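Trainee: File final22.csv follows (CSV, C-alpha atoms):
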```csv
chain,number,residue,atom,x,y,z
Y,271,MET,CA,-143.2,-13.6,-128.9
Y,272,SER,CA,-143.9,-17.3,-128.6
Y,273,GLY,CA,-147.4,-18.3,-127.6
Y,274,ASN,CA,-146.2,-21.2,-125.5
Y,275,LEU,CA,-145.6,-20.7,-121.8
Y,276,THR,CA,-142.4,-21.9,-120.2
Y,277,GLU,CA,-142.6,-24.0,-117.0
Y,278,SER,CA,-141.9,-21.0,-114.9
Y,279,GLU,CA,-144.7,-19.0,-116.6
Y,280,ASN,CA,-147.3,-21.8,-116.6
Y,281,PRO,CA,-149.8,-21.0,-113.7
Y,282,PHE,CA,-150.6,-24.7,-113.4
Y,283,ALA,CA,-147.0,-25.8,-112.8
Y,284,PRO,CA,-146.0,-26.5,-109.1
Y,285,PRO,CA,-143.5,-24.1,-107.4
Y,286,GLN,CA,-139.9,-24.7,-108.6
Y,287,ALA,CA,-138.5,-25.6,-105.2
Y,288,SER,CA,-136.3,-28.5,-106.3
Y,289,PRO,CA,-135.8,-30.9,-109.3
Y,290,ASN,CA,-137.6,-33.7,-107.3
Y,291,LEU,CA,-140.7,-31.6,-106.8
Y,292,ALA,CA,-143.2,-34.2,-107.9
Y,293,ASN,CA,-141.7,-36.7,-105.4
Y,294,ASP,CA,-142.4,-34.5,-102.4
Y,295,PRO,CA,-146.1,-34.4,-101.4
Y,296,TYR,CA,-145.5,-31.5,-99.0
Y,297,ILE,CA,-144.1,-29.3,-101.8
Y,298,GLU,CA,-146.9,-30.4,-104.1
Y,299,LEU,CA,-149.4,-29.1,-101.5
Y,300,GLY,CA,-147.3,-26.1,-100.7
Y,301,VAL,CA,-147.1,-26.8,-97.0
Y,302,PRO,CA,-144.2,-27.5,-94.6
Y,303,LYS,CA,-143.6,-31.0,-93.3
Y,304,THR,CA,-144.7,-29.8,-89.9
Y,305,ALA,CA,-148.2,-28.8,-91.3
Y,306,SER,CA,-151.2,-30.0,-89.2
Y,307,ALA,CA,-153.9,-32.2,-90.6
Y,308,ASP,CA,-156.2,-29.2,-90.9
Y,309,GLU,CA,-153.6,-27.2,-92.8
Y,310,LEU,CA,-153.1,-30.1,-95.2
Y,311,ARG,CA,-156.9,-30.3,-95.8
Y,312,LYS,CA,-157.1,-26.6,-96.5
Y,313,ALA,CA,-154.2,-26.7,-98.9
Y,314,PHE,CA,-155.6,-29.6,-100.9
Y,315,ARG,CA,-159.1,-28.0,-100.9
Y,316,LYS,CA,-157.6,-24.8,-102.4
Y,317,LEU,CA,-155.7,-26.6,-105.1
Y,318,ALA,CA,-158.7,-28.8,-105.9
Y,319,LYS,CA,-160.9,-25.8,-106.5
Y,320,GLN,CA,-158.2,-24.1,-108.6
Y,321,TYR,CA,-157.1,-27.1,-110.8
Y,322,HIS,CA,-160.1,-29.5,-111.0
Y,323,PRO,CA,-160.7,-30.4,-114.7
Y,324,ASP,CA,-164.3,-29.3,-114.5
Y,325,ALA,CA,-163.1,-25.8,-113.6
Y,326,ASN,CA,-160.5,-26.0,-116.5
Y,327,PRO,CA,-162.2,-27.9,-119.3
Y,328,GLY,CA,-159.7,-29.1,-122.0
Y,329,ASN,CA,-156.6,-27.9,-119.9
Y,330,ALA,CA,-154.3,-30.9,-119.7
Y,331,SER,CA,-151.8,-29.0,-117.5
Y,332,ALA,CA,-154.5,-28.3,-114.9
Y,333,GLU,CA,-155.7,-31.9,-115.0
Y,334,GLU,CA,-152.2,-33.2,-114.4
Y,335,ARG,CA,-151.7,-30.6,-111.6
Y,336,PHE,CA,-154.9,-31.8,-109.9
Y,337,LYS,CA,-153.7,-35.4,-110.2
Y,338,ARG,CA,-150.5,-34.6,-108.5
Y,339,ALA,CA,-152.2,-32.6,-105.7
Y,340,SER,CA,-154.6,-35.5,-105.2
Y,341,GLY,CA,-151.9,-38.1,-105.1
Y,342,ALA,CA,-149.9,-36.0,-102.6
Y,343,PHE,CA,-152.9,-35.6,-100.3
Y,344,ASP,CA,-153.7,-39.3,-100.6
Y,345,VAL,CA,-150.3,-39.9,-99.0
Y,346,VAL,CA,-149.8,-37.2,-96.4
Y,347,GLY,CA,-153.5,-36.6,-95.8
Y,348,ASP,CA,-153.8,-40.1,-94.4
Y,349,PRO,CA,-152.3,-40.3,-90.9
Y,350,GLU,CA,-150.9,-43.9,-91.3
Y,351,LYS,CA,-149.5,-43.2,-94.8
Y,352,ARG,CA,-148.0,-40.0,-93.6
Y,353,LYS,CA,-146.1,-41.8,-90.9
Y,354,LYS,CA,-144.8,-44.3,-93.3
Y,355,PHE,CA,-143.7,-41.6,-95.8
Y,356,ASP,CA,-142.0,-39.5,-93.2
Y,357,ALA,CA,-140.2,-42.7,-92.0
Y,358,GLY,CA,-139.1,-43.4,-95.6
Y,359,GLN,CA,-141.1,-46.7,-95.8
Y,360,ILE,CA,-143.2,-45.5,-98.8
Y,361,ASP,CA,-142.6,-43.1,-101.6
Y,362,ALA,CA,-144.7,-40.2,-102.9
Y,363,ASP,CA,-146.9,-42.6,-104.8
Y,364,GLY,CA,-147.6,-44.7,-101.7
Y,365,ARG,CA,-145.3,-47.6,-102.8
Y,366,GLU,CA,-143.1,-49.4,-100.3
Y,367,THR,CA,-139.6,-48.3,-100.8
Y,368,MET,CA,-137.9,-51.2,-99.1
Y,369,ARG,CA,-138.8,-53.5,-102.0
Y,370,GLY,CA,-136.3,-51.6,-104.1
Y,371,PHE,CA,-138.3,-50.1,-107.0
Y,372,GLY,CA,-141.7,-49.5,-105.5
Y,373,GLY,CA,-144.8,-51.5,-104.7
Y,374,GLY,CA,-146.5,-51.2,-108.1
Y,375,PRO,CA,-146.0,-54.0,-110.7
Y,376,GLY,CA,-142.6,-53.7,-112.2
Y,377,GLY,CA,-142.0,-50.6,-110.1
Y,378,ALA,CA,-144.0,-48.5,-112.5
Y,379,GLY,CA,-147.0,-46.4,-111.7
Y,380,PRO,CA,-148.6,-45.6,-108.3
Y,381,GLY,CA,-149.5,-48.3,-105.8
Y,382,PRO,CA,-153.1,-49.4,-105.0
Y,383,GLY,CA,-153.6,-46.6,-102.6
Y,384,HIS,CA,-153.4,-43.9,-105.2
Y,385,PRO,CA,-156.7,-42.1,-105.5
Y,386,PHE,CA,-156.8,-42.4,-109.3
Y,387,GLY,CA,-155.0,-45.7,-109.9
Y,388,ALA,CA,-152.3,-45.3,-112.5
Y,389,ARG,CA,-151.2,-41.9,-113.6
Y,390,GLY,CA,-153.6,-40.4,-116.2
Y,391,ALA,CA,-156.4,-43.0,-115.3
Y,392,GLY,CA,-159.1,-40.3,-115.5
Y,393,PHE,CA,-161.8,-39.4,-112.9
Y,394,GLY,CA,-164.6,-41.9,-113.4
Y,395,GLY,CA,-164.4,-45.6,-113.0
Y,396,GLY,CA,-167.2,-45.7,-110.5
Y,397,ARG,CA,-165.0,-44.6,-107.6
Y,398,SER,CA,-165.9,-41.9,-105.2
Y,399,ALA,CA,-163.3,-39.1,-105.2
Y,400,GLN,CA,-163.3,-38.6,-101.4
Y,401,PHE,CA,-160.2,-38.2,-99.2
Y,402,ASP,CA,-159.8,-38.1,-95.4
Y,403,GLY,CA,-161.7,-35.0,-94.3
Y,404,VAL,CA,-162.2,-33.6,-97.8
Y,405,ASP,CA,-165.1,-34.3,-100.1
Y,406,ILE,CA,-164.5,-33.5,-103.8
Y,407,GLU,CA,-168.3,-33.3,-104.4
Y,408,ASP,CA,-168.5,-30.6,-101.7
Y,409,ILE,CA,-165.7,-28.7,-103.4
Y,410,LEU,CA,-167.5,-29.0,-106.8
Y,411,GLY,CA,-170.7,-27.7,-105.2
Y,412,ASP,CA,-168.7,-24.6,-104.1
Y,413,MET,CA,-167.2,-24.1,-107.6
Y,414,PHE,CA,-170.4,-24.5,-109.6
Y,415,GLY,CA,-173.1,-23.3,-107.1
Y,416,GLY,CA,-174.9,-26.6,-107.4
Y,417,GLY,CA,-175.5,-26.2,-111.2
Y,418,GLY,CA,-172.2,-27.0,-112.8
Y,419,ARG,CA,-171.4,-30.1,-114.8
Y,420,SER,CA,-169.2,-32.6,-113.0
Y,421,ARG,CA,-167.8,-35.7,-114.6
Y,422,GLY,CA,-168.1,-38.7,-112.3
Y,423,PHE,CA,-169.8,-36.8,-109.5
Y,424,ARG,CA,-173.4,-36.2,-108.4
Y,425,GLN,CA,-174.9,-32.9,-109.5
Y,426,ALA,CA,-176.5,-30.9,-106.7
Y,427,PRO,CA,-180.0,-29.8,-107.5
Y,428,PRO,CA,-180.6,-26.1,-108.5
Y,429,PRO,CA,-181.3,-23.9,-105.5
Y,430,LYS,CA,-184.8,-23.0,-104.5
Y,431,GLY,CA,-186.0,-19.5,-104.0
Y,432,SER,CA,-185.8,-17.7,-100.6
Y,433,ASP,CA,-188.4,-18.3,-97.9
Y,434,VAL,CA,-190.6,-15.4,-96.9
Y,435,ARG,CA,-192.0,-14.7,-93.5
Y,436,GLY,CA,-195.2,-13.1,-92.4
Y,437,LYS,CA,-197.5,-12.8,-89.4
Y,438,VAL,CA,-201.3,-13.2,-89.1
Y,439,ASP,CA,-203.4,-12.0,-86.2
Y,440,ILE,CA,-206.5,-14.1,-85.4
Y,441,SER,CA,-209.2,-14.1,-82.7
Y,442,LEU,CA,-209.5,-16.8,-80.0
Y,443,GLU,CA,-212.6,-18.0,-81.8
Y,444,ASP,CA,-210.6,-18.5,-85.0
Y,445,ALA,CA,-208.0,-20.5,-83.1
Y,446,ILE,CA,-210.7,-22.7,-81.7
Y,447,THR,CA,-212.8,-23.3,-84.9
Y,448,GLY,CA,-210.1,-22.8,-87.6
Y,449,GLY,CA,-210.7,-20.8,-90.7
Y,450,LYS,CA,-209.0,-18.9,-93.5
Y,451,LYS,CA,-207.2,-15.6,-93.6
Y,452,ARG,CA,-205.7,-13.6,-96.4
Y,453,LEU,CA,-202.2,-12.1,-95.9
Y,454,ALA,CA,-200.7,-9.4,-98.1
Y,455,PHE,CA,-196.9,-9.1,-98.7
Y,456,SER,CA,-194.9,-6.1,-99.6
Y,457,ASP,CA,-194.4,-7.3,-103.2
Y,458,GLY,CA,-198.1,-7.1,-103.8
Y,459,ARG,CA,-198.8,-10.8,-103.5
Y,460,THR,CA,-201.6,-12.1,-101.3
Y,461,ILE,CA,-201.9,-15.6,-100.1
Y,462,GLU,CA,-204.6,-17.5,-98.3
Y,463,VAL,CA,-203.6,-19.0,-94.9
Y,464,ALA,CA,-205.6,-22.0,-93.6
Y,465,ILE,CA,-205.8,-21.7,-89.8
Y,466,PRO,CA,-205.9,-25.1,-88.2
Y,467,LYS,CA,-208.3,-25.9,-85.3
Y,468,GLY,CA,-206.5,-25.5,-82.0
Y,469,ALA,CA,-203.9,-23.1,-83.4
Y,470,SER,CA,-201.6,-21.7,-80.7
Y,471,ASP,CA,-200.0,-18.3,-80.2
Y,472,GLY,CA,-196.6,-18.2,-81.7
Y,473,GLN,CA,-197.1,-21.3,-83.9
Y,474,THR,CA,-195.5,-21.1,-87.4
Y,475,LEU,CA,-197.2,-22.5,-90.4
Y,476,ARG,CA,-195.1,-23.5,-93.5
Y,477,LEU,CA,-196.8,-23.0,-96.8
Y,478,LYS,CA,-194.9,-25.0,-99.5
Y,479,GLY,CA,-194.0,-23.1,-102.7
Y,480,GLN,CA,-195.4,-19.8,-101.5
Y,481,GLY,CA,-192.1,-18.0,-101.2
Y,482,MET,CA,-189.7,-16.4,-103.7
Y,483,GLY,CA,-189.1,-18.0,-107.1
Y,484,GLY,CA,-185.8,-19.7,-107.9
Y,485,PRO,CA,-184.2,-22.1,-110.4
Y,486,GLY,CA,-185.2,-25.1,-108.3
Y,487,GLY,CA,-188.7,-23.8,-107.6
Y,488,ALA,CA,-190.2,-21.4,-105.2
Y,489,GLY,CA,-189.3,-21.3,-101.5
Y,490,ASP,CA,-191.8,-21.5,-98.7
Y,491,ALA,CA,-193.9,-19.0,-96.7
Y,492,LEU,CA,-193.4,-19.2,-93.0
Y,493,ILE,CA,-196.4,-17.6,-91.3
Y,494,GLU,CA,-196.5,-17.0,-87.5
Y,495,ILE,CA,-199.8,-17.0,-85.8
Y,496,SER,CA,-200.6,-14.4,-83.2
Y,497,ILE,CA,-203.8,-14.7,-81.1
Y,498,ARG,CA,-205.3,-11.4,-80.0
Y,499,PRO,CA,-206.0,-11.1,-76.2
Y,500,HIS,CA,-209.7,-11.9,-75.5
Y,501,PRO,CA,-211.7,-9.7,-73.2
Y,502,ILE,CA,-213.3,-12.7,-71.4
Y,503,TYR,CA,-211.3,-15.8,-71.8
Y,504,LYS,CA,-207.7,-16.7,-71.1
Y,505,VAL,CA,-205.9,-19.8,-72.6
Y,506,GLU,CA,-204.3,-22.2,-70.1
Y,507,GLY,CA,-203.1,-25.2,-72.1
Y,508,GLU,CA,-206.1,-26.9,-73.5
Y,509,ASN,CA,-208.5,-25.2,-71.1
Y,510,LEU,CA,-210.0,-21.7,-71.1
Y,511,THR,CA,-210.6,-19.7,-67.9
Y,512,MET,CA,-213.1,-16.9,-67.2
Y,513,ASP,CA,-214.5,-14.9,-64.3
Y,514,VAL,CA,-218.2,-15.0,-63.7
Y,515,PRO,CA,-219.8,-12.2,-61.5
Y,516,VAL,CA,-222.5,-13.6,-59.1
Y,517,SER,CA,-224.9,-11.4,-57.1
Y,518,VAL,CA,-225.1,-11.7,-53.4
Y,519,PRO,CA,-228.7,-13.2,-53.4
Y,520,ASP,CA,-227.6,-15.9,-56.0
Y,521,ALA,CA,-224.5,-16.7,-54.0
Y,522,ILE,CA,-226.5,-17.1,-50.8
Y,523,LEU,CA,-229.6,-18.7,-52.2
Y,524,GLY,CA,-228.3,-20.4,-55.3
Y,525,GLY,CA,-229.7,-19.9,-58.8
Y,526,LYS,CA,-229.0,-19.8,-62.5
Y,527,VAL,CA,-226.5,-17.5,-64.1
Y,528,THR,CA,-226.2,-16.9,-67.9
Y,529,VAL,CA,-222.6,-17.0,-69.1
Y,530,SER,CA,-221.1,-16.7,-72.5
Y,531,THR,CA,-218.9,-19.4,-74.0
Y,532,PRO,CA,-217.0,-19.6,-77.4
Y,533,ASP,CA,-220.0,-21.7,-78.5
Y,534,GLY,CA,-222.7,-19.4,-77.3
Y,535,ALA,CA,-224.5,-18.5,-74.1
Y,536,VAL,CA,-225.3,-21.2,-71.5
Y,537,ALA,CA,-227.1,-21.3,-68.1
Y,538,LEU,CA,-224.7,-22.0,-65.3
Y,539,THR,CA,-226.1,-23.4,-62.0
Y,540,VAL,CA,-224.7,-21.7,-58.9
Y,541,ALA,CA,-225.1,-23.7,-55.7
Y,542,ALA,CA,-226.5,-22.0,-52.5
Y,543,GLY,CA,-223.8,-20.7,-50.3
Y,544,SER,CA,-221.3,-20.2,-53.1
Y,545,ASN,CA,-218.2,-18.0,-52.5
Y,546,SER,CA,-215.8,-16.1,-54.7
Y,547,GLY,CA,-213.0,-18.2,-56.1
Y,548,GLN,CA,-215.1,-21.3,-56.5
Y,549,ILE,CA,-214.5,-23.0,-59.9
Y,550,LEU,CA,-217.3,-24.4,-62.0
Y,551,ARG,CA,-216.2,-26.6,-64.9
Y,552,LEU,CA,-218.0,-26.6,-68.3
Y,553,LYS,CA,-216.9,-29.8,-70.1
Y,554,GLY,CA,-215.8,-29.5,-73.7
Y,555,ARG,CA,-216.0,-25.8,-74.0
Y,556,GLY,CA,-212.2,-25.2,-74.1
Y,557,MET,CA,-209.5,-25.4,-76.8
Y,558,PRO,CA,-209.3,-28.3,-79.3
Y,559,LYS,CA,-206.8,-31.1,-78.4
Y,560,ALA,CA,-205.5,-34.2,-80.0
Y,561,GLY,CA,-208.2,-36.7,-81.1
Y,562,GLY,CA,-210.7,-34.0,-82.0
Y,563,LYS,CA,-211.8,-33.5,-78.4
Y,564,ARG,CA,-211.7,-30.2,-76.5
Y,565,GLY,CA,-210.6,-29.0,-73.2
Y,566,ASP,CA,-212.9,-27.4,-70.6
Y,567,LEU,CA,-214.0,-23.9,-69.7
Y,568,LEU,CA,-213.3,-23.1,-66.1
Y,569,ALA,CA,-215.6,-20.5,-64.6
Y,570,ARG,CA,-214.4,-18.8,-61.5
Y,571,LEU,CA,-217.2,-17.2,-59.4
Y,572,ILE,CA,-216.8,-13.7,-58.2
Y,573,VAL,CA,-219.5,-12.6,-55.7
Y,574,THR,CA,-220.2,-9.0,-56.5
Y,575,LEU,CA,-222.1,-6.3,-54.6
Y,576,PRO,CA,-224.4,-3.9,-56.5
Y,577,GLU,CA,-222.9,-0.6,-57.6
Y,578,ALA,CA,-225.6,1.4,-55.8
Y,579,MET,CA,-226.0,0.0,-52.3
Y,580,GLU,CA,-229.7,-0.6,-51.3
Y,581,PRO,CA,-230.8,0.7,-47.8
Y,582,GLU,CA,-232.3,-2.7,-47.0
Y,583,LEU,CA,-229.1,-4.5,-47.8
Y,584,THR,CA,-227.1,-2.1,-45.6
Y,585,GLN,CA,-229.5,-2.5,-42.7
Y,586,PHE,CA,-229.4,-6.3,-43.1
Y,587,ALA,CA,-225.6,-6.2,-43.0
Y,588,GLU,CA,-225.5,-4.0,-39.9
Y,589,ASP,CA,-228.0,-6.3,-38.0
Y,590,TRP,CA,-226.0,-9.4,-39.1
Y,591,ARG,CA,-222.7,-8.0,-38.0
Y,592,ALA,CA,-224.2,-6.9,-34.6
Y,593,LYS,CA,-225.8,-10.3,-33.9
Y,594,ARG,CA,-223.6,-12.8,-35.6
Y,595,PRO,CA,-220.1,-11.4,-36.2
Y,596,TYR,CA,-217.6,-13.8,-38.0
Y,597,THR,CA,-214.2,-13.6,-39.5
Y,598,PRO,CA,-213.7,-15.2,-42.9
Y,599,LYS,CA,-211.2,-18.0,-43.1
Y,600,ARG,CA,-208.2,-17.7,-45.3
Y,601,LYS,CA,-208.0,-20.5,-47.9
```
Since I need it in another form, could you write the structure as structure tokens?
Mentor:
Amino acid sequence: MSGNLTESENPFAPPQASPNLANDPYIELGVPKTASADELRKAFRKLAKQYHPDANPGNASAEERFKRASGAFDVVGDPEKRKKFDAGQIDADGRETMRGFGGGPGGAGPGPGHPFGARGAGFGGGRSAQFDGVDIEDILGDMFGGGGRSRGFRQAPPPKGSDVRGKVDISLEDAITGGKKRLAFSDGRTIEVAIPKGASDGQTLRLKGQGMGGPGGAGDALIEISIRPHPIYKVEGENLTMDVPVSVPDAILGGKVTVSTPDGAVALTVAAGSNSGQILRLKGRGMPKAGGKRGDLLARLIVTLPEAMEPELTQFAEDWRAKRPYTPKRK
């Protein structure tokens, strides 16, 4: 048995549809003349992946097949050239047919529109092998996974490792002052997470190079911040809000009330005749904001009766209601 393949056995030979196969771009691409632009691109992309010389090193038949497919797509893949070819104004090499023997010098070789110049002109020459809607470099990236050798094309960088995700719970005080937390992953690794001042609930921190390893380096760690609910304060933008219980005597006569803040306890002045719902503002006791400043702490007064009612207070209320009844106004 001979070791040489016949034309019909050669997998790199085009389909034997007619003796003039190489002169019909549609047959070269294996599509009907009614093929859409998208069908043409898909057909060329498939052939380029199969016959590109970098996928078939040293195979002259594959290289020639790739050239023919490229030349065919250069003609029918361009809307204007396709119209001219279908109208018989240019041939399969893009040469004008009405000049008699083609547009190339002496009628030999492809015209200036051919993607590789003259037949067998190679793949370098400083030209970008890109056609209408099809990027050869993109095809090569699919073939070699970004790491293959490509003559005349840019090499894609090796892929990085996968990113990993995690979640860290912090207190409201940590969100205000910042700090460091250690986070353990299921693979046994632990990483230190720097919590920025003014961190917000749901914020994601990206830690470069803390993910899974890969040929192009490690991926990143994406850490979501979750702020635990606080028993006293609530976050409203850059401000904090809190309720402050006030006794009836302090509400009527005024006085000083000790309240806690994220920075420690302070004495809050309650004006005489204060009512529930009044807001007292403590400047600079809220969440950090741009420029290094902080928002405010808004203290809402809640006038509160004692748990055990004193007889004197009850008698005072009865006398007051009998002598000076009044109906509170709705605000």
Trainee: Can you work out which one of Y:Gly507, Y:Pro323, Y:Gly341, Y:Gly481 has the shortest atom-to-atom distance to Y:Arg435, counting all atoms listed in the file?
Mentor: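 Looking only at the distances to Y:Arg435, the closest residue turns out to be Y:Gly481.
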Trainee: Choose the residue, out of Y:Pro428, Y:Gly449, Y:Pro327, Y:Gly468, that has the smallest atom-to-atom separation from Y:Lys559; count only C-alpha atoms.
Mentor: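 Between Y:Pro428, Y:Gly449, Y:Pro327, Y:Gly468, the residue approaching Y:Lys559 most closely is Y:Gly468.
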Trainee: Taking only C-alpha atoms into account, which of Y:Arg555, Y:Lys437, Y:Lys504, Y:Lys593 comes nearest Y:Arg476?
Mentor: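 Closest to Y:Arg476, using only C-alpha atoms: Y:Lys437.
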Trainee: Using all atoms listed in the file - which residues lie no farther than 8 Å from the point (-198.4, -12.9, -84.8) in the file's frame? Write them as a CSV table (one decimal) with C-alpha atoms, in the frame of the given file.
Mentor:
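Writing done, so here's point.csv:
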```csv
chain,number,residue,atom,x,y,z
Y,437,LYS,CA,-197.5,-12.8,-89.4
Y,438,VAL,CA,-201.3,-13.2,-89.1
Y,439,ASP,CA,-203.4,-12.0,-86.2
Y,471,ASP,CA,-200.0,-18.3,-80.2
Y,472,GLY,CA,-196.6,-18.2,-81.7
Y,494,GLU,CA,-196.5,-17.0,-87.5
Y,495,ILE,CA,-199.8,-17.0,-85.8
Y,496,SER,CA,-200.6,-14.4,-83.2
Y,497,ILE,CA,-203.8,-14.7,-81.1
```
Trainee: To one decimal place in Å, what is the distance between atom CA of Y:Ser530 and atom CA of Y:Ile440?
Mentor: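 A separation of 19.7 Å between them.
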Trainee: Find the residues near Y:Gly554: any atom within 6 Å, counting all atoms listed in the file, skip ones fewer than 4 places away on the same chain, and give them as a PyMOL selection string.
Mentor: chain Y and resi 564-566
Trainee: So the first atom is atom CA of Y:Lys430 and the second is atom CA of Y:Lys312; what is the distance between them in Å, to one decimal place?
Mentor: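 Computing it gives 29.1 Å between the two atoms.
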Trainee: From the options Y:Glu580, Y:Gly562, Y:Asp513, Y:Gly458, which residue's atoms come nearest to Y:Ile549, counting all atoms listed in the file?
Mentor: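 Using all atoms listed in the file, Y:Ile549 sits closest to Y:Asp513.
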Trainee: Counting only C-alpha atoms, which residue out of Y:Val527, Y:Val346, Y:Ala332, Y:Ala587 sits closest to Y:Ala305?
Mentor: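 Going through Y:Val527, Y:Val346, Y:Ala332, Y:Ala587 one by one, the smallest distance to Y:Ala305 is for Y:Val346.
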Trainee: For Y:Pro532, work out the shell of residues within 9 Å, counting all atoms listed in the file and skipping chain neighbours fewer than 6 positions away, then give it as a PyMOL selection string.
Mentor: chain Y and resi 442-443+446+503+555-556
Trainee: Keeping N, CA and C atoms, write stretch 308-328 of chain Y of the structure just shown out as a JSON list (two decimals), in the first residue's frame.
Mentor:
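out.json, written as the output of this step:
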```json
[["chain", "number", "residue", "atom", "x", "y", "z"],
["Y", 308, "ASP", "N", -23.31, 36.02, 8.00],
["Y", 308, "ASP", "CA", -22.98, 35.28, 9.22],
["Y", 308, "ASP", "C", -22.57, 33.85, 8.90],
["Y", 309, "GLU", "N", -23.25, 33.22, 7.95],
["Y", 309, "GLU", "CA", -22.90, 31.85, 7.55],
["Y", 309, "GLU", "C", -21.52, 31.82, 6.90],
["Y", 310, "LEU", "N", -21.18, 32.85, 6.14],
["Y", 310, "LEU", "CA", -19.84, 32.92, 5.54],
["Y", 310, "LEU", "C", -18.77, 33.04, 6.60],
["Y", 311, "ARG", "N", -19.01, 33.90, 7.59],
["Y", 311, "ARG", "CA", -18.02, 34.06, 8.66],
["Y", 311, "ARG", "C", -17.83, 32.77, 9.44],
["Y", 312, "LYS", "N", -18.94, 32.08, 9.75],
["Y", 312, "LYS", "CA", -18.84, 30.83, 10.50],
["Y", 312, "LYS", "C", -18.07, 29.78, 9.71],
["Y", 313, "ALA", "N", -18.32, 29.69, 8.40],
["Y", 313, "ALA", "CA", -17.63, 28.71, 7.56],
["Y", 313, "ALA", "C", -16.14, 29.00, 7.51],
["Y", 314, "PHE", "N", -15.76, 30.27, 7.33],
["Y", 314, "PHE", "CA", -14.35, 30.61, 7.27],
["Y", 314, "PHE", "C", -13.68, 30.37, 8.63],
["Y", 315, "ARG", "N", -14.34, 30.72, 9.68],
["Y", 315, "ARG", "CA", -13.78, 30.51, 11.02],
["Y", 315, "ARG", "C", -13.48, 29.03, 11.26],
["Y", 316, "LYS", "N", -14.41, 28.18, 10.84],
["Y", 316, "LYS", "CA", -14.23, 26.74, 11.02],
["Y", 316, "LYS", "C", -13.02, 26.24, 10.23],
["Y", 317, "LEU", "N", -12.91, 26.68, 8.97],
["Y", 317, "LEU", "CA", -11.77, 26.26, 8.14],
["Y", 317, "LEU", "C", -10.47, 26.82, 8.66],
["Y", 318, "ALA", "N", -10.48, 28.06, 9.15],
["Y", 318, "ALA", "CA", -9.26, 28.67, 9.67],
["Y", 318, "ALA", "C", -8.75, 27.90, 10.88],
["Y", 319, "LYS", "N", -9.63, 27.49, 11.75],
["Y", 319, "LYS", "CA", -9.22, 26.71, 12.92],
["Y", 319, "LYS", "C", -8.63, 25.36, 12.49],
["Y", 320, "GLN", "N", -9.24, 24.75, 11.44],
["Y", 320, "GLN", "CA", -8.82, 23.41, 11.03],
["Y", 320, "GLN", "C", -7.51, 23.40, 10.26],
["Y", 321, "TYR", "N", -7.30, 24.42, 9.40],
["Y", 321, "TYR", "CA", -6.16, 24.35, 8.48],
["Y", 321, "TYR", "C", -5.07, 25.38, 8.74],
["Y", 322, "HIS", "N", -5.19, 26.20, 9.76],
["Y", 322, "HIS", "CA", -4.16, 27.21, 9.98],
["Y", 322, "HIS", "C", -2.80, 26.52, 10.17],
["Y", 323, "PRO", "N", -1.74, 27.07, 9.57],
["Y", 323, "PRO", "CA", -0.41, 26.44, 9.66],
["Y", 323, "PRO", "C", 0.07, 26.22, 11.08],
["Y", 324, "ASP", "N", -0.31, 27.08, 12.01],
["Y", 324, "ASP", "CA", 0.14, 26.89, 13.38],
["Y", 324, "ASP", "C", -0.51, 25.68, 14.03],
["Y", 325, "ALA", "N", -1.66, 25.26, 13.49],
["Y", 325, "ALA", "CA", -2.29, 24.04, 13.98],
["Y", 325, "ALA", "C", -1.81, 22.81, 13.22],
["Y", 326, "ASN", "N", -1.10, 23.04, 12.10],
["Y", 326, "ASN", "CA", -0.59, 21.94, 11.26],
["Y", 326, "ASN", "C", 0.85, 22.24, 10.85],
["Y", 327, "PRO", "N", 1.78, 22.33, 11.80],
["Y", 327, "PRO", "CA", 3.16, 22.71, 11.46],
["Y", 327, "PRO", "C", 3.79, 21.74, 10.46],
["Y", 328, "GLY", "N", 4.38, 22.32, 9.41],
["Y", 328, "GLY", "CA", 5.07, 21.51, 8.40],
["Y", 328, "GLY", "C", 4.16, 20.88, 7.38]]
```
